[in-house]
Amino acid sequence: GGEIVLLGMLALPQMLRLGYDRRLAIGTVCAGGSLGTMVPPSIVLIIYGLTANVSIGDLFTSAFIPGLMLASFYVAYILFRAYTGDVAPPVDEEDDMTPAEKRSKIKGLILPFIVVFMVLGSIYGGVASVTEASAVGAFGVLLSTIVRGEFSWSMLQSAAMQTLRTTGMIVWIGIGASALVGVFNLMGGISFVSGLITGISQTPVVVILFMMLILFILGMFLDWVGIALLTMPIFVPIVIGLGYSPIWFGVVFAMNMQVSFLSPPFGPAAFYLKSVAPPDISLGEIFRSMVPFIVLQILAVGLLIAFPAITGH
C-alpha cells in the first residue's frame, strides 16, 4: 500500500502531465507498487513461511528470479505499448541537468542501497534470521535519517505507532484465523477438504490448478493474510503429499496473491491508488487499467506451475 500511495502521489500526476496514456500509467503504478510483496524481503513469503513451517531464507532465495521475471513481463509490455502505440511522450534527448545535480541525485541513492544491502546481505550471508534482519533494516533507516538531518522524535513516534497499528491488525487477523482453523480441524474439516481436493483428479497438476483457482477466488474478497492463515494448513500437507516442494508452492502462492492485489472487486491496489489519485480518475477506470497486468500475472503463475525449476525446487 505504501508503495502504491507514494507512486500515486509523486509519479502518476507527472506521467499524466507529460502526456502518458492514462490507463498505462495507472496500471503501471498499481502493478509496480504491488511487486514489493513478491521480491524479497516479502511479507507475504514471511507469513507463508510461518504458517507452512518452512525456511523463510529459502523462500526469499527461490522467489528472487520469479519476482524479476514478473517485473520483466511488465517492462516488456510497457515497451511494446510504447513502441507500437501513442501512449508515451517522445524521448527528450537534451539533458538540462548539470553534473553537480547528477552527483547530488546519485548520492541520494547511496543510503537506501546500503540499507537494502544490510538487510538482504545479513539474511543470505547467514548472519541474521529474517526477524533479526528486519531489526537491522530498521536500525539502518534510523541511522540514514540521522545522517540526512531528517530525524525527529515526532517522526520516530509516528513510525512506531504506525508499526503498532499494522502489526496489531495482522495479529488479530491471525488470532481469528487460528480460532477458525482450530474449530475447523476439530470438526474434521481438513480431512474433508483434503479428500475433496485430492478427489478432483489423480493428476497432481490438476490438483494444484484447482488450489490456484480457490486462492484466486478467495483473493477477490479476502485479505491475503487471512487467505494464508486459512488455507495453508490445509494446502501445504496436500502439496507435500503430491510430491511437490513447499518452497516452490510458497512462491506460487505469493505470485497468485499478486493477482489478488489487483483483481476486482476487493483488489486493494485500486483503493490505495484511488485515495490519492486525481478526482477525475474513477475506481472503474483503475480496475480496467489493471487488466493487462493481471493477464501477465496469471501468465507468470502458469509458468511457475509448468516449470517449477524456475524457483530452483
# chains A, B, ... in the order shown; residues from 1 in each chain; ligands from 1
$ closest_atom_pairs --of "region 31-124 of chain A" --to "region 246-256 of chain A" --cutoff "7 Å" --atoms "only C-alpha atoms" --output "CSV"
residue,atom,partner,partner_atom,distance
A:Met38,CA,A:Ala254,CA,6.2
A:Val44,CA,A:Ala254,CA,6.2
A:Leu45,CA,A:Ala254,CA,6.6
A:Tyr48,CA,A:Gly250,CA,6.5
A:Leu59,CA,A:Ile247,CA,5.8
A:Ala63,CA,A:Val251,CA,5.7
$ residues_around --residues "region 116-122 of chain A" --least-positions-apart "5" --cutoff "6 Å" --atoms "only C-alpha atoms" --output "mmCIF file with N, CA and C atoms, in the first residue's frame"
data_model
loop_
_atom_site.group_PDB
_atom_site.id
_atom_site.type_symbol
_atom_site.label_atom_id
_atom_site.label_comp_id
_atom_site.auth_asym_id
_atom_site.auth_seq_id
_atom_site.Cartn_x
_atom_site.Cartn_y
_atom_site.Cartn_z
ATOM 1 N N VAL A 127 24.096 -14.344 8.535
ATOM 2 C CA VAL A 127 24.473 -13.592 9.728
ATOM 3 C C VAL A 127 23.278 -13.396 10.653
ATOM 4 N N ALA A 128 22.092 -13.190 10.058
ATOM 5 C CA ALA A 128 20.901 -12.892 10.856
ATOM 6 C C ALA A 128 19.707 -13.649 10.302
ATOM 7 N N ALA A 133 17.064 -9.550 10.777
ATOM 8 C CA ALA A 133 17.366 -8.694 9.631
ATOM 9 C C ALA A 133 16.418 -7.503 9.558
ATOM 10 N N GLY A 137 17.418 -3.634 9.370
ATOM 11 C CA GLY A 137 16.869 -2.663 8.423
ATOM 12 C C GLY A 137 16.317 -1.432 9.125
#
$ closest_residue --among "A:Pro13, A:Gly195, A:Pro264, A:Gly182" --to "Met220 (chain A)" --atoms "only C-alpha atoms"
A:Pro264
$ select_by_dssp --residues "region 83-284 of chain A" --states "helix (DSSP H, G or I)" --output "ChimeraX atom specification"
/A:83-84,99-124,130-147,153-186,189-198,204-219,224-241,246-262,268-274,283-284
$ write_last_selection --atoms "C-alpha atoms" --output "tab-separated table (two decimals), in the first residue's frame"
chain	number	residue	atom	x	y	z
A	83	TYR	CA	6.88	1.42	-29.46
A	84	THR	CA	3.63	0.31	-31.13
A	99	PRO	CA	26.99	17.44	-13.39
A	100	ALA	CA	26.60	18.73	-9.82
A	101	GLU	CA	22.85	17.95	-9.88
A	102	LYS	CA	23.55	14.46	-11.20
A	103	ARG	CA	26.07	13.80	-8.43
A	104	SER	CA	23.58	15.05	-5.85
A	105	LYS	CA	20.88	12.67	-7.09
A	106	ILE	CA	23.30	9.73	-7.18
A	107	LYS	CA	24.36	10.48	-3.60
A	108	GLY	CA	20.70	10.30	-2.60
A	109	LEU	CA	20.65	6.64	-3.65
A	110	ILE	CA	23.66	5.56	-1.62
A	111	LEU	CA	21.97	5.29	1.80
A	112	PRO	CA	18.90	3.34	0.57
A	113	PHE	CA	21.16	0.88	-1.25
A	114	ILE	CA	23.27	0.43	1.89
A	115	VAL	CA	20.14	-0.39	3.92
A	116	VAL	CA	18.98	-2.92	1.31
A	117	PHE	CA	22.45	-4.49	1.28
A	118	MET	CA	22.46	-4.69	5.08
A	119	VAL	CA	19.06	-6.44	5.19
A	120	LEU	CA	19.46	-8.91	2.32
A	121	GLY	CA	23.17	-9.42	2.96
A	122	SER	CA	22.56	-10.37	6.59
A	123	ILE	CA	19.89	-12.90	5.51
A	124	TYR	CA	21.67	-14.51	2.57
A	130	VAL	CA	14.63	-12.76	8.99
A	131	THR	CA	13.39	-11.26	12.27
A	132	GLU	CA	16.88	-10.05	13.17
A	133	ALA	CA	17.37	-8.69	9.63
A	134	SER	CA	14.23	-6.59	10.00
A	135	ALA	CA	15.78	-5.04	13.09
A	136	VAL	CA	18.96	-4.40	11.08
A	137	GLY	CA	16.87	-2.66	8.42
A	138	ALA	CA	15.03	-0.51	10.96
A	139	PHE	CA	18.32	0.48	12.58
A	140	GLY	CA	19.83	1.28	9.16
A	141	VAL	CA	16.88	3.52	8.22
A	142	LEU	CA	17.10	5.27	11.59
A	143	LEU	CA	20.80	5.97	11.02
A	144	SER	CA	20.01	7.20	7.50
A	145	THR	CA	17.51	9.76	8.78
A	146	ILE	CA	20.09	11.00	11.30
A	147	VAL	CA	22.81	11.30	8.61
A	153	TRP	CA	11.21	12.41	17.87
A	154	SER	CA	7.78	13.08	16.39
A	155	MET	CA	8.72	11.11	13.25
A	156	LEU	CA	10.00	8.22	15.38
A	157	GLN	CA	6.81	8.23	17.44
A	158	SER	CA	4.65	8.33	14.29
A	159	ALA	CA	6.57	5.40	12.76
A	160	ALA	CA	6.27	3.38	15.99
A	161	MET	CA	2.51	3.98	16.20
A	162	GLN	CA	2.02	3.04	12.52
A	163	THR	CA	4.03	-0.15	13.10
A	164	LEU	CA	1.91	-0.95	16.15
A	165	ARG	CA	-1.32	-0.48	14.20
A	166	THR	CA	-0.10	-2.64	11.31
A	167	THR	CA	1.25	-5.49	13.41
A	168	GLY	CA	-1.77	-5.33	15.71
A	169	MET	CA	-4.08	-5.78	12.73
A	170	ILE	CA	-2.07	-8.78	11.49
A	171	VAL	CA	-2.02	-10.33	14.97
A	172	TRP	CA	-5.79	-10.05	15.34
A	173	ILE	CA	-6.34	-11.49	11.88
A	174	GLY	CA	-4.04	-14.34	12.86
A	175	ILE	CA	-5.94	-14.92	16.12
A	176	GLY	CA	-9.27	-15.02	14.30
A	177	ALA	CA	-7.97	-17.27	11.53
A	178	SER	CA	-6.29	-19.60	14.03
A	179	ALA	CA	-9.53	-19.90	16.03
A	180	LEU	CA	-11.48	-20.64	12.87
A	181	VAL	CA	-8.94	-23.21	11.67
A	182	GLY	CA	-8.87	-24.82	15.13
A	183	VAL	CA	-12.65	-25.33	15.17
A	184	PHE	CA	-12.48	-26.42	11.53
A	185	ASN	CA	-9.90	-29.07	12.45
A	186	LEU	CA	-11.90	-30.35	15.43
A	189	GLY	CA	-12.75	-30.05	8.13
A	190	ILE	CA	-9.16	-30.57	6.99
A	191	SER	CA	-9.79	-34.24	6.21
A	192	PHE	CA	-12.95	-33.32	4.32
A	193	VAL	CA	-11.32	-30.56	2.25
A	194	SER	CA	-8.19	-32.67	1.64
A	195	GLY	CA	-10.33	-35.53	0.36
A	196	LEU	CA	-12.36	-33.13	-1.75
A	197	ILE	CA	-9.30	-31.54	-3.36
A	198	THR	CA	-7.35	-34.75	-3.93
A	204	PRO	CA	-1.13	-33.73	-9.38
A	205	VAL	CA	-1.02	-30.72	-11.73
A	206	VAL	CA	-4.82	-30.63	-11.92
A	207	VAL	CA	-4.99	-30.63	-8.10
A	208	ILE	CA	-2.51	-27.71	-7.98
A	209	LEU	CA	-4.53	-25.79	-10.57
A	210	PHE	CA	-7.68	-26.35	-8.53
A	211	MET	CA	-5.88	-24.91	-5.48
A	212	MET	CA	-4.86	-21.91	-7.55
A	213	LEU	CA	-8.48	-21.41	-8.58
A	214	ILE	CA	-9.58	-21.48	-4.94
A	215	LEU	CA	-6.87	-18.96	-3.99
A	216	PHE	CA	-7.82	-16.75	-6.95
A	217	ILE	CA	-11.49	-16.69	-5.93
A	218	LEU	CA	-10.66	-16.07	-2.26
A	219	GLY	CA	-8.32	-13.27	-3.35
A	224	TRP	CA	-4.05	-12.22	1.71
A	225	VAL	CA	-3.07	-12.65	5.37
A	226	GLY	CA	-6.40	-14.29	6.13
A	227	ILE	CA	-6.11	-16.43	2.99
A	228	ALA	CA	-2.66	-17.69	4.03
A	229	LEU	CA	-3.69	-18.48	7.60
A	230	LEU	CA	-6.91	-20.20	6.50
A	231	THR	CA	-5.71	-22.26	3.54
A	232	MET	CA	-2.05	-23.10	4.07
A	233	PRO	CA	-2.62	-25.54	6.97
A	234	ILE	CA	-4.83	-27.46	4.53
A	235	PHE	CA	-2.99	-26.97	1.25
A	236	VAL	CA	0.65	-27.48	2.29
A	237	PRO	CA	0.24	-31.10	3.54
A	238	ILE	CA	-1.58	-31.94	0.30
A	239	VAL	CA	1.19	-30.33	-1.77
A	240	ILE	CA	3.86	-32.31	0.09
A	241	GLY	CA	1.80	-35.48	-0.32
A	246	PRO	CA	6.53	-26.47	-0.10
A	247	ILE	CA	9.15	-23.83	-1.01
A	248	TRP	CA	8.00	-23.91	-4.64
A	249	PHE	CA	4.36	-23.75	-3.58
A	250	GLY	CA	5.12	-20.73	-1.39
A	251	VAL	CA	6.49	-18.83	-4.39
A	252	VAL	CA	3.47	-19.85	-6.48
A	253	PHE	CA	1.19	-18.70	-3.64
A	254	ALA	CA	2.95	-15.32	-3.49
A	255	MET	CA	2.59	-14.96	-7.26
A	256	ASN	CA	-1.11	-15.83	-7.01
A	257	MET	CA	-1.53	-13.16	-4.35
A	258	GLN	CA	-0.12	-10.68	-6.87
A	259	VAL	CA	-3.31	-11.27	-8.83
A	260	SER	CA	-5.46	-10.74	-5.73
A	261	PHE	CA	-3.88	-7.31	-5.14
A	262	LEU	CA	-5.23	-6.11	-8.50
A	268	PRO	CA	-6.61	-3.32	-2.52
A	269	ALA	CA	-4.21	-1.74	-5.04
A	270	ALA	CA	-7.10	0.07	-6.72
A	271	PHE	CA	-8.38	1.51	-3.44
A	272	TYR	CA	-4.90	2.58	-2.36
A	273	LEU	CA	-4.43	4.48	-5.62
A	274	LYS	CA	-7.95	5.93	-5.59
A	283	LEU	CA	-12.38	3.30	-9.43
A	284	GLY	CA	-13.78	1.58	-12.53
